[in-house]
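Shown next: structure_24.pdb, containing PDB, C-alpha atoms.
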ATOM      1  CA  MET A   1     -16.856 -13.410  15.262
ATOM      2  CA  PRO A   2     -13.350 -11.889  15.201
ATOM      3  CA  THR A   3     -11.965 -10.628  11.923
ATOM      4  CA  ARG A   4      -9.071 -12.742  10.687
ATOM      5  CA  SER A   5      -5.971 -11.168   9.165
ATOM      6  CA  LYS A   6      -4.905 -12.757   5.899
ATOM      7  CA  ILE A   7      -1.234 -13.724   5.841
ATOM      8  CA  VAL A   8       0.593 -14.776   2.697
ATOM      9  CA  VAL A   9       3.473 -17.167   3.402
ATOM     10  CA  LEU A  10       6.104 -18.021   0.838
ATOM     11  CA  ALA A  11       9.632 -19.150   0.291
ATOM     12  CA  ALA A  12      11.689 -17.471  -2.419
ATOM     13  CA  SER A  13      12.530 -20.850  -3.910
ATOM     14  CA  ASN A  14      10.983 -23.214  -6.426
ATOM     15  CA  SER A  15      12.513 -26.263  -4.740
ATOM     16  CA  THR A  16       9.904 -28.846  -3.765
ATOM     17  CA  THR A  17      12.015 -29.635  -0.671
ATOM     18  CA  SER A  18      12.767 -26.006   0.238
ATOM     19  CA  ILE A  19      14.176 -25.507   3.727
ATOM     20  CA  ASN A  20      13.032 -21.892   3.516
ATOM     21  CA  LYS A  21       9.470 -23.024   2.910
ATOM     22  CA  ARG A  22       9.744 -25.169   6.041
ATOM     23  CA  LEU A  23      10.978 -22.144   7.985
ATOM     24  CA  ALA A  24       8.219 -19.872   6.650
ATOM     25  CA  MET A  25       5.560 -22.465   7.471
ATOM     26  CA  HIS A  26       7.002 -22.892  10.974
ATOM     27  CA  ALA A  27       6.820 -19.133  11.564
ATOM     28  CA  ALA A  28       3.200 -19.054  10.380
ATOM     29  CA  LYS A  29       2.338 -21.953  12.680
ATOM     30  CA  VAL A  30       3.962 -20.214  15.666
ATOM     31  CA  LEU A  31       1.986 -17.052  14.850
ATOM     32  CA  GLN A  32      -1.248 -19.008  14.634
ATOM     33  CA  ASP A  33      -0.814 -21.559  17.417
ATOM     34  CA  GLU A  34       1.477 -20.033  20.030
ATOM     35  CA  PHE A  35       0.519 -16.377  19.612
ATOM     36  CA  LYS A  36      -3.142 -17.339  19.080
ATOM     37  CA  ALA A  37      -3.320 -14.778  16.275
ATOM     38  CA  PRO A  38      -6.633 -14.863  14.405
ATOM     39  CA  VAL A  39      -5.076 -15.290  10.977
ATOM     40  CA  GLU A  40      -5.924 -17.002   7.734
ATOM     41  CA  ILE A  41      -2.769 -18.440   6.181
ATOM     42  CA  GLU A  42      -2.324 -18.731   2.425
ATOM     43  CA  VAL A  43       0.839 -20.468   1.246
ATOM     44  CA  LEU A  44       2.121 -19.435  -2.160
ATOM     45  CA  ASP A  45       4.290 -21.791  -4.200
ATOM     46  CA  LEU A  46       6.583 -20.119  -6.739
ATOM     47  CA  ASN A  47       6.061 -23.090  -9.059
ATOM     48  CA  ASP A  48       2.495 -21.848  -9.556
ATOM     49  CA  TYR A  49       3.855 -18.561 -10.975
ATOM     50  CA  GLU A  50       6.505 -19.821 -13.381
ATOM     51  CA  MET A  51       6.899 -17.472 -16.345
ATOM     52  CA  HIS A  52       9.361 -17.044 -19.193
ATOM     53  CA  ILE A  53      12.473 -15.031 -18.326
ATOM     54  CA  TYR A  54      11.785 -11.306 -18.096
ATOM     55  CA  SER A  55      13.141  -8.994 -20.786
ATOM     56  CA  PRO A  56      12.019  -5.569 -22.026
ATOM     57  CA  GLU A  57      11.186  -7.133 -25.405
ATOM     58  CA  ARG A  58       8.902  -9.696 -23.767
ATOM     59  CA  GLU A  59       7.348  -6.982 -21.612
ATOM     60  CA  ALA A  60       6.470  -5.099 -24.815
ATOM     61  CA  GLN A  61       4.387  -8.155 -25.782
ATOM     62  CA  GLY A  62       2.417  -7.866 -22.535
ATOM     63  CA  ILE A  63       2.742  -8.716 -18.861
ATOM     64  CA  PRO A  64       1.850 -12.349 -18.115
ATOM     65  CA  GLN A  65      -1.358 -12.947 -16.176
ATOM     66  CA  LEU A  66       0.669 -14.886 -13.586
ATOM     67  CA  ALA A  67       2.587 -11.707 -12.720
ATOM     68  CA  GLN A  68      -0.719  -9.917 -12.122
ATOM     69  CA  ASP A  69      -1.977 -12.865 -10.083
ATOM     70  CA  PHE A  70       1.126 -12.819  -7.853
ATOM     71  CA  TYR A  71       0.837  -9.038  -7.411
ATOM     72  CA  ASP A  72      -2.855  -9.424  -6.509
ATOM     73  CA  LYS A  73      -2.093 -12.122  -3.902
ATOM     74  CA  LEU A  74       0.345  -9.793  -2.130
ATOM     75  CA  GLY A  75      -2.148  -6.941  -2.311
ATOM     76  CA  ALA A  76      -4.960  -9.039  -0.844
ATOM     77  CA  ALA A  77      -2.853  -9.910   2.209
ATOM     78  CA  ASP A  78      -2.700  -8.045   5.509
ATOM     79  CA  GLY A  79       0.896  -9.224   5.919
ATOM     80  CA  VAL A  80       3.611 -11.316   4.277
ATOM     81  CA  ILE A  81       5.981 -13.879   5.779
ATOM     82  CA  LEU A  82       8.799 -14.397   3.285
ATOM     83  CA  SER A  83      11.799 -16.690   3.707
ATOM     84  CA  LEU A  84      14.560 -16.113   1.183
ATOM     85  CA  ALA A  85      16.616 -18.921  -0.259
ATOM     86  CA  GLU A  86      20.136 -17.871  -1.189
ATOM     87  CA  TYR A  87      21.822 -19.103  -4.351
ATOM     88  CA  ASN A  88      25.389 -17.884  -4.790
ATOM     89  CA  GLY A  89      24.803 -14.986  -2.398
ATOM     90  CA  SER A  90      21.654 -13.683  -4.095
ATOM     91  CA  TYR A  91      17.985 -14.366  -4.846
ATOM     92  CA  THR A  92      17.011 -17.559  -6.616
ATOM     93  CA  ALA A  93      16.372 -17.185 -10.342
ATOM     94  CA  ALA A  94      12.765 -18.335  -9.867
ATOM     95  CA  PHE A  95      12.022 -15.653  -7.263
ATOM     96  CA  LYS A  96      13.897 -12.895  -9.101
ATOM     97  CA  ASN A  97      11.987 -13.572 -12.306
ATOM     98  CA  ILE A  98       8.580 -13.479 -10.586
ATOM     99  CA  PHE A  99       9.676 -10.363  -8.690
ATOM    100  CA  ASP A 100      10.823  -8.662 -11.916
ATOM    101  CA  TRP A 101       7.608  -9.468 -13.781
ATOM    102  CA  SER A 102       5.386  -8.449 -10.857
ATOM    103  CA  SER A 103       7.218  -5.141 -10.523
ATOM    104  CA  ARG A 104       6.132  -4.401 -14.079
ATOM    105  CA  VAL A 105       2.495  -4.528 -12.934
ATOM    106  CA  LYS A 106       3.398  -1.804 -10.401
ATOM    107  CA  MET A 107       6.829  -1.129  -8.950
ATOM    108  CA  LYS A 108       5.706  -1.298  -5.309
ATOM    109  CA  ILE A 109       4.735  -4.966  -5.452
ATOM    110  CA  PHE A 110       4.473  -5.338  -1.663
ATOM    111  CA  GLN A 111       1.891  -2.529  -1.648
ATOM    112  CA  ASP A 112       2.915  -1.187   1.785
ATOM    113  CA  ARG A 113       2.158  -4.496   3.494
ATOM    114  CA  PRO A 114       4.017  -5.535   6.651
ATOM    115  CA  VAL A 115       6.685  -8.070   5.741
ATOM    116  CA  MET A 116       8.628 -10.386   8.026
ATOM    117  CA  LEU A 117      11.810 -11.431   6.226
ATOM    118  CA  MET A 118      13.702 -14.617   7.006
ATOM    119  CA  ALA A 119      16.430 -16.777   5.537
ATOM    120  CA  THR A 120      18.178 -20.014   6.283
ATOM    121  CA  SER A 121      20.740 -22.122   4.504
ATOM    122  CA  MET A 122      22.821 -25.231   4.918
ATOM    123  CA  GLY A 123      25.814 -22.966   5.531
ATOM    124  CA  GLY A 124      26.713 -21.147   8.710
ATOM    125  CA  ARG A 125      25.801 -17.663   7.431
ATOM    126  CA  GLY A 126      22.140 -18.645   7.092
ATOM    127  CA  GLY A 127      21.353 -16.658   3.951
ATOM    128  CA  MET A 128      22.805 -13.473   5.418
ATOM    129  CA  SER A 129      23.772 -11.982   2.023
ATOM    130  CA  VAL A 130      20.369 -12.347   0.398
ATOM    131  CA  LEU A 131      18.641 -11.144   3.567
ATOM    132  CA  ALA A 132      20.810  -8.006   3.622
ATOM    133  CA  ALA A 133      20.034  -7.349  -0.046
ATOM    134  CA  ALA A 134      16.293  -7.707   0.583
ATOM    135  CA  MET A 135      16.397  -5.518   3.698
ATOM    136  CA  ASP A 136      17.981  -2.800   1.583
ATOM    137  CA  ALA A 137      15.879  -3.172  -1.571
ATOM    138  CA  PHE A 138      12.392  -4.262  -0.552
ATOM    139  CA  PRO A 139      11.300  -0.992   1.113
ATOM    140  CA  HIS A 140      11.711   0.637  -2.330
ATOM    141  CA  PHE A 141       9.221  -1.930  -3.591
ATOM    142  CA  GLY A 142       6.598  -1.131  -0.956
ATOM    143  CA  ALA A 143       7.611  -3.567   1.800
ATOM    144  CA  SER A 144       7.103  -2.354   5.329
ATOM    145  CA  ILE A 145       9.704  -4.603   6.942
ATOM    146  CA  THR A 146       8.690  -5.352  10.505
ATOM    147  CA  SER A 147      11.437  -7.765  11.482
ATOM    148  CA  ASN A 148      13.987 -10.197  10.165
ATOM    149  CA  PHE A 149      15.397 -13.529  11.247
ATOM    150  CA  ASN A 150      18.033 -15.859   9.878
ATOM    151  CA  PHE A 151      20.132 -18.797  10.979
ATOM    152  CA  GLY A 152      22.371 -21.550   9.732
ATOM    153  CA  PRO A 153      23.289 -24.264   9.331
ATOM    154  CA  PHE A 154      19.699 -25.393   8.901
ATOM    155  CA  SER A 155      20.349 -29.040   9.765
ATOM    156  CA  GLU A 156      21.927 -28.139  13.124
ATOM    157  CA  HIS A 157      19.073 -25.960  14.327
ATOM    158  CA  PHE A 158      15.859 -27.251  12.735
ATOM    159  CA  ASP A 159      14.167 -30.538  13.583
ATOM    160  CA  THR A 160      12.819 -31.871  10.291
ATOM    161  CA  GLU A 161      10.757 -34.539  12.069
ATOM    162  CA  THR A 162       8.674 -31.973  13.978
ATOM    163  CA  ASP A 163       9.230 -28.989  11.627
ATOM    164  CA  ARG A 164      10.381 -26.794  14.524
ATOM    165  CA  LEU A 165      13.475 -24.959  15.585
ATOM    166  CA  LYS A 166      15.334 -27.064  18.112
ATOM    167  CA  THR A 167      17.761 -24.388  19.367
ATOM    168  CA  PRO A 168      16.045 -22.480  22.220
ATOM    169  CA  GLU A 169      17.895 -19.199  21.606
ATOM    170  CA  LEU A 170      16.861 -19.185  17.957
ATOM    171  CA  ALA A 171      13.268 -20.075  18.871
ATOM    172  CA  LEU A 172      13.208 -16.989  21.120
ATOM    173  CA  GLU A 173      14.661 -14.795  18.366
ATOM    174  CA  LEU A 174      12.010 -16.057  15.967
ATOM    175  CA  ARG A 175       9.253 -15.311  18.480
ATOM    176  CA  ASP A 176      10.553 -11.743  18.840
ATOM    177  CA  ALA A 177      10.423 -11.321  15.050
ATOM    178  CA  ILE A 178       6.895 -12.757  14.947
ATOM    179  CA  LYS A 179       5.777 -10.497  17.799
ATOM    180  CA  ALA A 180       6.992  -7.412  15.897
ATOM    181  CA  PHE A 181       5.205  -8.636  12.759
ATOM    182  CA  GLN A 182       1.970  -9.399  14.608
ATOM    183  CA  ALA A 183       1.936  -5.902  16.142
ATOM    184  CA  THR A 184       1.509  -4.441  12.634
ATOM    185  CA  LEU A 185      -1.466  -6.580  11.637
ATOM    186  CA  PRO A 186      -4.947  -5.055  11.659
ATOM    187  CA  VAL A 187      -6.601  -5.048  15.084
ATOM    188  CA  THR A 188      -9.408  -7.565  15.218
ATOM    189  CA  ASP A 189     -12.784  -7.174  16.915
TER     190      ASP A 189
END

Once more with this new file: its structure as structure tokens, please.
Amino acid sequence: MPTRSKIVVLAASNSTTSINKRLAMHAAKVLQDEFKAPVEIEVLDLNDYEMHIYSPEREAQGIPQLAQDFYDKLGAADGVILSLAEYNGSYTAAFKNIFDWSSRVKMKIFQDRPVMLMATSMGGRGGMSVLAAAMDAFPHFGASITSNFNFGPFSEHFDTETDRLKTPELALELRDAIKAFQATLPVTD
């Protein structure tokens, strides 16, 4: 029986209708179905890790168990597919807070895991600002960034009925990003 790589999939948003969650799930499905990758997919929902706002004074009272749990989920994965929502050109408050708390467990929260970064938005820049910030910062936090992908406007390029990209050029770009990510996963028997 082949060994299955464990992939954590998440959107950096706490929205229950997150377009970035749809994109991340689509990428995971392409990896699993079209690339026939032997992977086990675990979808994380930021709402399951909601904590009070980080501050040094609160940290002095102890790191919340949810921060440890989030850190442990990333560490248990063989790879991470992360789609970043962009609010006012930056990370969402929900993601930033979980990120800040988890970095207090250990600074390198991605624990040298391969990470495929993505972003989309309703605007034409497709989350470009937040993606650039993550591309610059995340390697300092232990992310081995394998590839990145972004597009916008979401509604012009993503079919919400089938949960698939409908623009062929973007579908090819996504497949290239997935191929680079897959190449870093553990070789299976």

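Separating atom CA of Val130 of chain A from atom CA of Ser13 of chain A is a distance of 12.3 Å.
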
Sort by chain and increasing residue number a table of all residues of segment 52-114 of chain A within 10 Å of segment 25-48 of chain A, each with its closest pair of atoms and their distance in Å to one decimal, counting all atoms listed in the file, and write it as a Markdown table.
| residue | atom | partner | partner_atom | distance |
| --- | --- | --- | --- | --- |
| A:Leu66 | CA | A:Asp48 | CA | 8.2 |
| A:Phe70 | CA | A:Leu44 | CA | 8.8 |
| A:Lys73 | CA | A:Leu44 | CA | 8.6 |
| A:Leu74 | CA | A:Leu44 | CA | 9.8 |
| A:Ala77 | CA | A:Glu42 | CA | 8.8 |
| A:Asp78 | CA | A:Val39 | CA | 9.4 |
| A:Gly79 | CA | A:Val39 | CA | 9.9 |
| A:Val80 | CA | A:Glu42 | CA | 9.7 |
| A:Ile81 | CA | A:Ala28 | CA | 7.5 |
| A:Leu82 | CA | A:Met25 | CA | 9.6 |
| A:Ser83 | CA | A:Met25 | CA | 9.3 |
| A:Ala94 | CA | A:Leu46 | CA | 7.2 |
| A:Phe95 | CA | A:Leu46 | CA | 7.1 |
| A:Ile98 | CA | A:Leu46 | CA | 7.9 |

Residues of segment 41-153 of chain A within 8 Å of segment 169-187 of chain A: nearest atom pair and distance (Å, one decimal) for each, counting all atoms listed in the file, sorted by chain and number, as a tab-separated table?
residue	atom	partner	partner_atom	distance
A:Asp78	CA	A:Leu185	CA	6.4
A:Gly79	CA	A:Leu185	CA	6.7
A:Pro114	CA	A:Thr184	CA	6.6
A:Val115	CA	A:Phe181	CA	7.2
A:Met116	CA	A:Phe181	CA	6.1
A:Thr146	CA	A:Phe181	CA	5.3
A:Ser147	CA	A:Ala177	CA	5.1
A:Asn148	CA	A:Ala177	CA	6.2
A:Phe149	CA	A:Leu174	CA	6.3
A:Phe151	CA	A:Leu170	CA	7.7

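The shortest atom-to-atom distance to Ser5 of chain A, with all atoms listed in the file taken into account, belongs to A:Ala76 out of A:Gly126, A:Leu117, A:Asp136, A:Ala76.
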
Which one of A:Ala24, A:Leu84, A:Met51, A:Met107 sits closest to His140 of chain A if you count only C-alpha atoms? A:Met107

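If you look at atom CA of Ala85 of chain A and atom CA of Glu59 of chain A, they are 26.2 Å away from each other.
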
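Proximity to Gly127 of chain A was assessed for A:Arg58, A:Ser103, A:Ala143, A:Asn20 counting only C-alpha atoms; the smallest distance is recorded for A:Asn20.
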
Taking the file as shown, find all residues satisfying the PyMOL selection byres ((chain A and resi 19) around 10) and write them as a PyMOL selection string. chain A and resi 11+13+15-18+20-25+83-85+119-122+154-155+158+160+163

Export, as a compact mmCIF listing (two decimals), in the frame of the given file, the selected residues with C-alpha atoms.
# COMPACT_ATOMS: atom_id res chain seq x y z
CA ALA A 11 9.63 -19.15 0.29
CA SER A 13 12.53 -20.85 -3.91
CA SER A 15 12.51 -26.26 -4.74
CA THR A 16 9.90 -28.85 -3.76
CA THR A 17 12.02 -29.64 -0.67
CA SER A 18 12.77 -26.01 0.24
CA ASN A 20 13.03 -21.89 3.52
CA LYS A 21 9.47 -23.02 2.91
CA ARG A 22 9.74 -25.17 6.04
CA LEU A 23 10.98 -22.14 7.98
CA ALA A 24 8.22 -19.87 6.65
CA MET A 25 5.56 -22.46 7.47
CA SER A 83 11.80 -16.69 3.71
CA LEU A 84 14.56 -16.11 1.18
CA ALA A 85 16.62 -18.92 -0.26
CA ALA A 119 16.43 -16.78 5.54
CA THR A 120 18.18 -20.01 6.28
CA SER A 121 20.74 -22.12 4.50
CA MET A 122 22.82 -25.23 4.92
CA PHE A 154 19.70 -25.39 8.90
CA SER A 155 20.35 -29.04 9.76
CA PHE A 158 15.86 -27.25 12.74
CA THR A 160 12.82 -31.87 10.29
CA ASP A 163 9.23 -28.99 11.63

Hey, can you check how far atom CA of Gly62 of chain A sits from atom CA of Val105 of chain A? 10.2 Å

From the list A:Leu10, A:Leu165, A:Ile53, A:Leu131, which residue is nearest Ala67 of chain A when using all atoms listed in the file? A:Ile53

Please return the centre and edge lengths, in Å to one decimal, of a box with edges along x, y and z that contains all listed atoms of segment 91-97 of chain A, widened by 5 Å on every side, as JSON.
{"center_x": 15.0, "center_y": -15.6, "center_z": -8.6, "size_x": 16.0, "size_y": 15.4, "size_z": 17.5}

Minimum-distance residue to Ala137 of chain A, chosen among A:Thr3, A:Asn97, A:Val9, A:Lys108 (using all atoms listed in the file): A:Lys108
